[in-house]
file query09.cif (mmCIF, C-alpha atoms)
data_protein
#
loop_
_atom_site.group_PDB
_atom_site.id
_atom_site.type_symbol
_atom_site.label_atom_id
_atom_site.label_comp_id
_atom_site.auth_asym_id
_atom_site.auth_seq_id
_atom_site.Cartn_x
_atom_site.Cartn_y
_atom_site.Cartn_z
ATOM 1 C CA MET A 1 31.744 18.451 -13.049
ATOM 2 C CA ASN A 2 29.822 15.436 -14.302
ATOM 3 C CA ILE A 3 31.880 12.295 -14.877
ATOM 4 C CA LEU A 4 29.210 10.534 -16.933
ATOM 5 C CA THR A 5 28.329 11.006 -20.576
ATOM 6 C CA SER A 6 24.845 12.189 -21.506
ATOM 7 C CA LYS A 7 23.981 8.601 -22.535
ATOM 8 C CA GLU A 8 25.082 7.291 -19.144
ATOM 9 C CA ILE A 9 23.015 9.969 -17.372
ATOM 10 C CA TYR A 10 20.054 8.843 -19.478
ATOM 11 C CA TYR A 11 20.419 5.241 -18.261
ATOM 12 C CA LEU A 12 20.919 6.277 -14.648
ATOM 13 C CA ASN A 13 17.762 8.372 -14.921
ATOM 14 C CA ARG A 14 15.979 5.343 -16.415
ATOM 15 C CA ALA A 15 17.012 3.283 -13.366
ATOM 16 C CA VAL A 16 15.466 5.944 -11.122
ATOM 17 C CA GLU A 17 12.274 5.873 -13.242
ATOM 18 C CA LEU A 18 12.132 2.082 -12.824
ATOM 19 C CA ALA A 19 12.485 2.572 -9.060
ATOM 20 C CA THR A 20 9.421 4.820 -9.094
ATOM 21 C CA ILE A 21 7.437 2.207 -11.030
ATOM 22 C CA ALA A 22 8.551 -0.574 -8.668
ATOM 23 C CA GLY A 23 7.405 1.483 -5.682
ATOM 24 C CA LEU A 24 4.031 2.198 -7.299
ATOM 25 C CA ASN A 25 3.643 -1.565 -7.784
ATOM 26 C CA GLY A 26 4.124 -2.158 -4.051
ATOM 27 C CA ASN A 27 7.773 -3.201 -4.212
ATOM 28 C CA HIS A 28 10.902 -1.613 -2.789
ATOM 29 C CA PRO A 29 11.563 1.368 -5.063
ATOM 30 C CA CYS A 30 14.751 0.199 -6.754
ATOM 31 C CA GLY A 31 15.508 0.036 -10.462
ATOM 32 C CA SER A 32 18.414 -1.151 -12.602
ATOM 33 C CA VAL A 33 19.522 -1.087 -16.226
ATOM 34 C CA ILE A 34 22.370 -3.034 -17.822
ATOM 35 C CA ILE A 35 23.900 -1.826 -21.074
ATOM 36 C CA ASP A 36 26.665 -3.195 -23.263
ATOM 37 C CA LYS A 37 29.730 -1.323 -24.484
ATOM 38 C CA ASP A 38 27.749 0.060 -27.451
ATOM 39 C CA PHE A 39 25.089 1.535 -25.120
ATOM 40 C CA ASN A 40 22.479 -1.065 -26.073
ATOM 41 C CA VAL A 41 20.122 -2.068 -23.281
ATOM 42 C CA VAL A 42 20.732 -5.671 -22.275
ATOM 43 C CA CYS A 43 18.008 -5.635 -19.635
ATOM 44 C CA GLU A 44 16.152 -3.365 -17.263
ATOM 45 C CA SER A 45 14.017 -4.087 -14.247
ATOM 46 C CA GLY A 46 12.495 -2.721 -11.120
ATOM 47 C CA ASN A 47 12.381 -4.578 -7.825
ATOM 48 C CA GLU A 48 9.667 -7.275 -7.881
ATOM 49 C CA VAL A 49 10.150 -8.901 -4.469
ATOM 50 C CA PHE A 50 6.485 -8.534 -3.496
ATOM 51 C CA SER A 51 4.974 -8.766 -6.987
ATOM 52 C CA LEU A 52 6.420 -12.186 -7.820
ATOM 53 C CA PRO A 53 6.735 -12.949 -4.701
ATOM 54 C CA ASP A 54 10.424 -13.825 -4.624
ATOM 55 C CA ILE A 55 12.837 -12.604 -1.962
ATOM 56 C CA THR A 56 15.667 -12.633 -4.539
ATOM 57 C CA ALA A 57 13.790 -10.476 -7.081
ATOM 58 C CA HIS A 58 15.896 -7.374 -6.497
ATOM 59 C CA ALA A 59 16.220 -5.136 -9.564
ATOM 60 C CA GLU A 60 19.914 -5.986 -10.037
ATOM 61 C CA MET A 61 19.365 -9.741 -9.722
ATOM 62 C CA LEU A 62 16.463 -9.663 -12.168
ATOM 63 C CA CYS A 63 18.641 -7.794 -14.669
ATOM 64 C CA LEU A 64 21.415 -10.350 -14.318
ATOM 65 C CA ARG A 65 18.978 -13.235 -14.792
ATOM 66 C CA ARG A 66 16.906 -11.747 -17.587
ATOM 67 C CA GLY A 67 19.978 -10.459 -19.364
ATOM 68 C CA GLY A 68 21.582 -13.896 -19.276
ATOM 69 C CA ILE A 69 24.541 -12.629 -17.246
ATOM 70 C CA LYS A 70 24.925 -15.582 -14.946
ATOM 71 C CA PHE A 71 28.321 -16.926 -15.817
ATOM 72 C CA LEU A 72 31.127 -16.593 -13.329
ATOM 73 C CA ASP A 73 33.572 -15.964 -16.169
ATOM 74 C CA LYS A 74 35.055 -12.534 -15.538
ATOM 75 C CA SER A 75 37.424 -12.926 -18.494
ATOM 76 C CA LYS A 76 34.643 -12.207 -21.007
ATOM 77 C CA ASP A 77 34.684 -8.469 -21.523
ATOM 78 C CA MET A 78 31.260 -7.546 -22.836
ATOM 79 C CA GLY A 79 31.685 -4.021 -21.537
ATOM 80 C CA TYR A 80 28.579 -4.319 -19.371
ATOM 81 C CA THR A 81 27.615 -1.394 -17.168
ATOM 82 C CA LEU A 82 24.967 -1.691 -14.486
ATOM 83 C CA PHE A 83 23.072 1.467 -13.537
ATOM 84 C CA SER A 84 21.060 1.373 -10.338
ATOM 85 C CA SER A 85 18.822 3.853 -8.614
ATOM 86 C CA HIS A 86 20.331 2.917 -5.250
ATOM 87 C CA GLU A 87 23.467 1.262 -3.989
ATOM 88 C CA PRO A 88 23.137 -2.491 -4.559
ATOM 89 C CA CYS A 89 22.721 -4.462 -1.340
ATOM 90 C CA ALA A 90 25.501 -6.780 -0.169
ATOM 91 C CA GLY A 91 23.779 -9.845 -1.640
ATOM 92 C CA CYS A 92 23.351 -8.338 -5.101
ATOM 93 C CA SER A 93 26.850 -6.867 -4.941
ATOM 94 C CA PHE A 94 28.357 -10.279 -4.225
ATOM 95 C CA TYR A 95 26.783 -11.703 -7.386
ATOM 96 C CA ILE A 96 27.517 -8.622 -9.507
ATOM 97 C CA ALA A 97 31.201 -8.915 -8.566
ATOM 98 C CA ARG A 98 31.304 -12.480 -9.824
ATOM 99 C CA THR A 99 30.008 -11.654 -13.316
ATOM 100 C CA SER A 100 31.478 -9.840 -16.294
ATOM 101 C CA ILE A 101 29.985 -6.480 -15.218
ATOM 102 C CA LYS A 102 32.801 -3.933 -15.647
ATOM 103 C CA LYS A 103 31.165 -0.817 -14.248
ATOM 104 C CA VAL A 104 28.505 -0.111 -11.623
ATOM 105 C CA VAL A 105 26.914 3.324 -11.332
ATOM 106 C CA TYR A 106 24.334 4.162 -8.706
ATOM 107 C CA ALA A 107 22.399 7.353 -8.117
ATOM 108 C CA SER A 108 22.255 7.160 -4.329
ATOM 109 C CA ARG A 109 24.374 5.553 -1.624
ATOM 110 C CA ASP A 110 22.609 3.558 1.054
ATOM 111 C CA ARG A 111 23.265 5.554 4.190
ATOM 112 C CA TYR A 112 21.199 3.103 6.237
ATOM 113 C CA ARG A 113 22.711 -0.250 5.323
ATOM 114 C CA ALA A 114 25.659 -0.039 2.955
ATOM 115 C CA GLY A 115 26.015 -2.873 0.472
ATOM 116 C CA LEU A 116 28.429 -2.569 -2.426
ATOM 117 C CA SER A 117 30.473 0.218 -0.832
ATOM 118 C CA MET A 118 31.056 -1.932 2.238
ATOM 119 C CA LEU A 119 31.629 -5.231 0.454
ATOM 120 C CA LYS A 120 34.140 -3.930 -2.123
ATOM 121 C CA ASN A 121 36.397 -2.752 0.720
ATOM 122 C CA ASN A 122 36.111 -5.927 2.779
ATOM 123 C CA ASN A 123 39.380 -7.877 2.701
ATOM 124 C CA ASP A 124 37.491 -11.113 2.015
ATOM 125 C CA TYR A 125 35.938 -9.690 -1.179
ATOM 126 C CA ILE A 126 38.434 -7.193 -2.614
ATOM 127 C CA GLU A 127 39.645 -9.727 -5.174
ATOM 128 C CA TYR A 128 36.129 -10.144 -6.601
ATOM 129 C CA PHE A 129 35.804 -6.406 -7.233
ATOM 130 C CA LYS A 130 39.104 -6.012 -9.092
ATOM 131 C CA GLY A 131 38.421 -4.663 -12.561
ATOM 132 C CA ILE A 132 35.021 -3.224 -11.667
ATOM 133 C CA GLU A 133 34.730 0.539 -11.761
ATOM 134 C CA VAL A 134 32.252 1.854 -9.193
ATOM 135 C CA ILE A 135 30.764 5.329 -9.514
ATOM 136 C CA GLU A 136 28.480 6.490 -6.733
ATOM 137 C CA GLU A 137 26.239 9.527 -6.767
ATOM 138 C CA PRO A 138 27.623 11.134 -9.947
ATOM 139 C CA ASP A 139 24.645 13.466 -10.369
ATOM 140 C CA THR A 140 23.186 15.432 -7.438
ATOM 141 C CA VAL A 141 19.774 15.871 -9.072
ATOM 142 C CA LEU A 142 19.359 12.123 -9.620
ATOM 143 C CA ARG A 143 20.826 11.389 -6.182
ATOM 144 C CA ASP A 144 18.239 13.619 -4.517
ATOM 145 C CA LYS A 145 15.428 12.193 -6.644
ATOM 146 C CA ALA A 146 16.401 8.590 -5.812
ATOM 147 C CA MET A 147 16.770 9.406 -2.126
ATOM 148 C CA LEU A 148 13.376 11.110 -2.018
ATOM 149 C CA ILE A 149 11.719 8.094 -3.650
ATOM 150 C CA MET A 150 13.160 5.808 -0.965
ATOM 151 C CA HIS A 151 12.420 8.339 1.788
ATOM 152 C CA ASN A 152 8.763 8.531 0.759
ATOM 153 C CA TYR A 153 8.548 4.749 0.489
ATOM 154 C CA PHE A 154 9.692 4.305 4.076
ATOM 155 C CA ILE A 155 7.339 7.078 5.281
ATOM 156 C CA SER A 156 4.422 5.344 3.514
ATOM 157 C CA LYS A 157 5.293 2.130 5.368
ATOM 158 C CA GLY A 158 5.463 3.927 8.730
ATOM 159 C CA ARG A 159 9.208 3.341 8.958
ATOM 160 C CA VAL A 160 10.248 6.856 9.930
ATOM 161 C CA ASP A 161 13.541 5.667 11.467
ATOM 162 C CA ASN A 162 14.606 4.229 8.093
ATOM 163 C CA ALA A 163 13.278 7.209 6.132
ATOM 164 C CA LYS A 164 15.601 9.663 7.843
ATOM 165 C CA TYR A 165 18.621 8.074 6.124
ATOM 166 C CA PHE A 166 17.160 8.951 2.730
ATOM 167 C CA ASP A 167 16.127 12.537 3.336
ATOM 168 C CA PRO A 168 17.965 14.583 0.675
ATOM 169 C CA LYS A 169 17.506 17.737 2.741
ATOM 170 C CA LEU A 170 20.055 16.371 5.217
ATOM 171 C CA LEU A 171 22.746 16.575 2.537
ATOM 172 C CA LYS A 172 22.342 20.294 1.927
#
call {"tool": "encode", "arguments": {"input": "query09.cif", "output": "structure tokens"}}
result
Amino acid sequence: MNILTSKEIYYLNRAVELATIAGLNGNHPCGSVIIDKDFNVVCESGNEVFSLPDITAHAEMLCLRRGGIKFLDKSKDMGYTLFSSHEPCAGCSFYIARTSIKKVVYASRDRYRAGLSMLKNNNDYIEYFKGIEVIEEPDTVLRDKAMLIMHNYFISKGRVDNAKYFDPKLLK
């Protein structure tokens, strides 16, 4: 049973497409899309860490910046949803939790180095994540696609030890 609407699946798929593009451009293959409550795209981006070069140019951070979502005012309910190809890292998750993002959906968990899933359950950060719905791996096809993109990225970089965490065949 799929817990996302067809529109939400579309945006999650778009995040995975952006991950592919980021990888082809020599960056970590991660992509993100932010929409508002009316399903309008606020911003979308792939990772650009190596392209810019900017160590903070993760897909999620670029979406927050380019979408103008930089206020720490969680009381403003714009109904923002962030879709990401992969689980946001701990750094991105910390900043996401301090914005008015109300929902985070990601295609694939990070089985190598958990970020959001670890941080949201950490006693020091639980308060920041109140009011944010987190949906991980809602679609097995997109999960496997996102994992394979990351798996192939690590293989191409000679990082076989990292690649094994993203092999979708291990989930079957």
call {"tool": "residues_around", "arguments": {"input": "query09.cif", "residues": "Tyr153 (chain A)", "least_positions_apart": "4", "cutoff": "8 Å", "atoms": "all atoms listed in the file", "output": "list in words"}}
result
Gly23, His28, Pro29, Ile149, Lys157 and Ala163 of chain A
call {"tool": "write_last_selection", "arguments": {"input": "query09.cif", "atoms": "C-alpha atoms", "output": "tab-separated table (two decimals), keeping the file's coordinate frame"}}
result
chain	number	residue	atom	x	y	z
A	23	GLY	CA	7.40	1.48	-5.68
A	28	HIS	CA	10.90	-1.61	-2.79
A	29	PRO	CA	11.56	1.37	-5.06
A	149	ILE	CA	11.72	8.09	-3.65
A	157	LYS	CA	5.29	2.13	5.37
A	163	ALA	CA	13.28	7.21	6.13
call {"tool": "residues_around", "arguments": {"input": "query09.cif", "residues": "region 129-145 of chain A", "least_positions_apart": "2", "cutoff": "9 Å", "atoms": "only C-alpha atoms", "output": "MDAnalysis selection string"}}
result
chainID A and resid 1:4 9 12:13 16 85:87 94 96:98 100:109 116:117 119:121 125:127 147:150 166:169 171
call {"tool": "axis_aligned_box", "arguments": {"input": "query09.cif", "around": "region 98-111 of chain A", "padding_each_side": "4 Å", "output": "lines of an AutoDock Vina configuration file"}}
result
center_x = 27.5
center_y = -2.6
center_z = -6.1
size_x = 18.5
size_y = 27.8
size_z = 28.5
call {"tool": "atom_distance", "arguments": {"input": "query09.cif", "atom1": "CA of Ala146 (chain A)", "atom2": "CA of Thr81 (chain A)"}}
result
18.8 Å
call {"tool": "resolve_selection", "arguments": {"input": "query09.cif", "expression": "the PyMOL selection byres ((chain A and resi 21) around 12)", "output": "PyMOL selection string"}}
result
chain A and resi 14-20+22-32+45-48+51+59+85+149+153
call {"tool": "atom_distance", "arguments": {"input": "query09.cif", "atom1": "CA of Tyr128 (chain A)", "atom2": "CA of Lys7 (chain A)"}}
result
27.4 Å
call {"tool": "atom_distance", "arguments": {"input": "query09.cif", "atom1": "CA of Leu82 (chain A)", "atom2": "CA of Asn162 (chain A)"}}
result
25.5 Å
call {"tool": "closest_residue", "arguments": {"input": "query09.cif", "among": "A:Phe50, A:Tyr112, A:Tyr10, A:Tyr165", "to": "Ser84 (chain A)", "atoms": "all atoms listed in the file"}}
result
A:Tyr10
call {"tool": "resolve_selection", "arguments": {"input": "query09.cif", "expression": "the PyMOL selection byres ((chain A and resi 62-65) around 8)", "output": "list in words"}}
result
Ser32, Val33, Ile34, Cys43, Glu44, Ser45, Asn47, Ala57, His58, Ala59, Glu60, Met61, Arg66, Gly67, Gly68, Ile69, Lys70 and Ile96 of chain A
call {"tool": "write_last_selection", "arguments": {"input": "query09.cif", "atoms": "C-alpha atoms", "output": "PDB file, keeping the file's coordinate frame"}}
result
ATOM      1  CA  SER A  32      18.414  -1.151 -12.602  1.00  0.00           C
ATOM      2  CA  VAL A  33      19.522  -1.087 -16.226  1.00  0.00           C
ATOM      3  CA  ILE A  34      22.370  -3.034 -17.822  1.00  0.00           C
ATOM      4  CA  CYS A  43      18.008  -5.635 -19.635  1.00  0.00           C
ATOM      5  CA  GLU A  44      16.152  -3.365 -17.263  1.00  0.00           C
ATOM      6  CA  SER A  45      14.017  -4.087 -14.247  1.00  0.00           C
ATOM      7  CA  ASN A  47      12.381  -4.578  -7.825  1.00  0.00           C
ATOM      8  CA  ALA A  57      13.790 -10.476  -7.081  1.00  0.00           C
ATOM      9  CA  HIS A  58      15.896  -7.374  -6.497  1.00  0.00           C
ATOM     10  CA  ALA A  59      16.220  -5.136  -9.564  1.00  0.00           C
ATOM     11  CA  GLU A  60      19.914  -5.986 -10.037  1.00  0.00           C
ATOM     12  CA  MET A  61      19.365  -9.741  -9.722  1.00  0.00           C
ATOM     13  CA  ARG A  66      16.906 -11.747 -17.587  1.00  0.00           C
ATOM     14  CA  GLY A  67      19.978 -10.459 -19.364  1.00  0.00           C
ATOM     15  CA  GLY A  68      21.582 -13.896 -19.276  1.00  0.00           C
ATOM     16  CA  ILE A  69      24.541 -12.629 -17.246  1.00  0.00           C
ATOM     17  CA  LYS A  70      24.925 -15.582 -14.946  1.00  0.00           C
ATOM     18  CA  ILE A  96      27.517  -8.622  -9.507  1.00  0.00           C
TER      19      ILE A  96
END
call {"tool": "residues_around", "arguments": {"input": "query09.cif", "residues": "Lys164 (chain A)", "least_positions_apart": "6", "cutoff": "10 Å", "atoms": "all atoms listed in the file", "output": "JSON, numbers by chain"}}
result
{"A": [111, 112, 150, 151, 152, 154, 155, 170]}
call {"tool": "resolve_selection", "arguments": {"input": "query09.cif", "expression": "the PyMOL selection byres ((chain A and resi 37) around 10)", "output": "ChimeraX atom specification"}}
result
/A:35-36,38-41,77-81,102
call {"tool": "build_atoms", "arguments": {"input": "query09.cif", "residues": "region 23-34 of chain A", "atoms": "all heavy atoms", "output": "compact mmCIF listing (two decimals), in the frame of the given file"}}
result
# COMPACT_ATOMS: atom_id res chain seq x y z
N GLY A 23 8.08 1.01 -6.89
CA GLY A 23 7.40 1.48 -5.68
C GLY A 23 5.90 1.59 -5.86
O GLY A 23 5.13 1.20 -4.99
N LEU A 24 5.47 2.08 -7.02
CA LEU A 24 4.03 2.20 -7.30
C LEU A 24 3.36 0.83 -7.38
O LEU A 24 2.18 0.70 -7.13
CB LEU A 24 3.80 2.97 -8.60
CG LEU A 24 4.17 4.45 -8.56
CD1 LEU A 24 4.08 5.07 -9.95
CD2 LEU A 24 3.28 5.20 -7.57
N ASN A 25 4.16 -0.20 -7.71
CA ASN A 25 3.64 -1.56 -7.78
C ASN A 25 3.75 -2.30 -6.45
O ASN A 25 3.54 -3.51 -6.39
CB ASN A 25 4.37 -2.35 -8.88
CG ASN A 25 3.98 -1.88 -10.26
OD1 ASN A 25 2.86 -1.44 -10.48
ND2 ASN A 25 4.90 -1.97 -11.21
N GLY A 26 4.09 -1.57 -5.39
CA GLY A 26 4.12 -2.16 -4.05
C GLY A 26 5.44 -2.82 -3.67
O GLY A 26 5.52 -3.51 -2.66
N ASN A 27 6.46 -2.62 -4.48
CA ASN A 27 7.77 -3.20 -4.21
C ASN A 27 8.71 -2.14 -3.65
O ASN A 27 8.40 -0.96 -3.66
CB ASN A 27 8.36 -3.77 -5.51
CG ASN A 27 7.51 -4.90 -6.04
OD1 ASN A 27 7.45 -5.97 -5.46
ND2 ASN A 27 6.83 -4.65 -7.15
N HIS A 28 9.88 -2.58 -3.19
CA HIS A 28 10.90 -1.61 -2.79
C HIS A 28 11.25 -0.79 -4.03
O HIS A 28 11.43 -1.34 -5.11
CB HIS A 28 12.15 -2.32 -2.27
CG HIS A 28 11.91 -3.11 -1.03
ND1 HIS A 28 11.73 -2.52 0.20
CD2 HIS A 28 11.81 -4.44 -0.83
CE1 HIS A 28 11.53 -3.45 1.11
NE2 HIS A 28 11.58 -4.63 0.51
N PRO A 29 11.34 0.53 -3.89
CA PRO A 29 11.56 1.37 -5.06
C PRO A 29 13.03 1.38 -5.52
O PRO A 29 13.79 2.30 -5.24
CB PRO A 29 11.12 2.75 -4.58
CG PRO A 29 11.38 2.74 -3.12
CD PRO A 29 11.14 1.32 -2.67
N CYS A 30 13.40 0.32 -6.20
CA CYS A 30 14.75 0.20 -6.75
C CYS A 30 14.63 -0.20 -8.22
O CYS A 30 13.79 -1.02 -8.57
CB CYS A 30 15.55 -0.86 -6.01
SG CYS A 30 15.80 -0.49 -4.27
N GLY A 31 15.51 0.36 -9.05
CA GLY A 31 15.51 0.04 -10.46
C GLY A 31 16.92 -0.10 -10.98
O GLY A 31 17.85 0.53 -10.46
N SER A 32 17.09 -0.92 -12.01
CA SER A 32 18.41 -1.15 -12.60
C SER A 32 18.31 -1.32 -14.11
O SER A 32 17.31 -1.80 -14.63
CB SER A 32 19.07 -2.40 -12.03
OG SER A 32 19.38 -2.23 -10.67
N VAL A 33 19.39 -0.94 -14.77
CA VAL A 33 19.52 -1.09 -16.23
C VAL A 33 20.94 -1.59 -16.49
O VAL A 33 21.90 -1.09 -15.91
CB VAL A 33 19.33 0.27 -16.96
CG1 VAL A 33 19.53 0.11 -18.46
CG2 VAL A 33 17.97 0.88 -16.64
N ILE A 34 21.06 -2.57 -17.38
CA ILE A 34 22.37 -3.03 -17.82
C ILE A 34 22.49 -2.72 -19.30
O ILE A 34 21.59 -3.04 -20.09
CB ILE A 34 22.58 -4.54 -17.59
CG1 ILE A 34 22.56 -4.85 -16.08
CG2 ILE A 34 23.90 -5.02 -18.20
CD1 ILE A 34 22.66 -6.33 -15.73
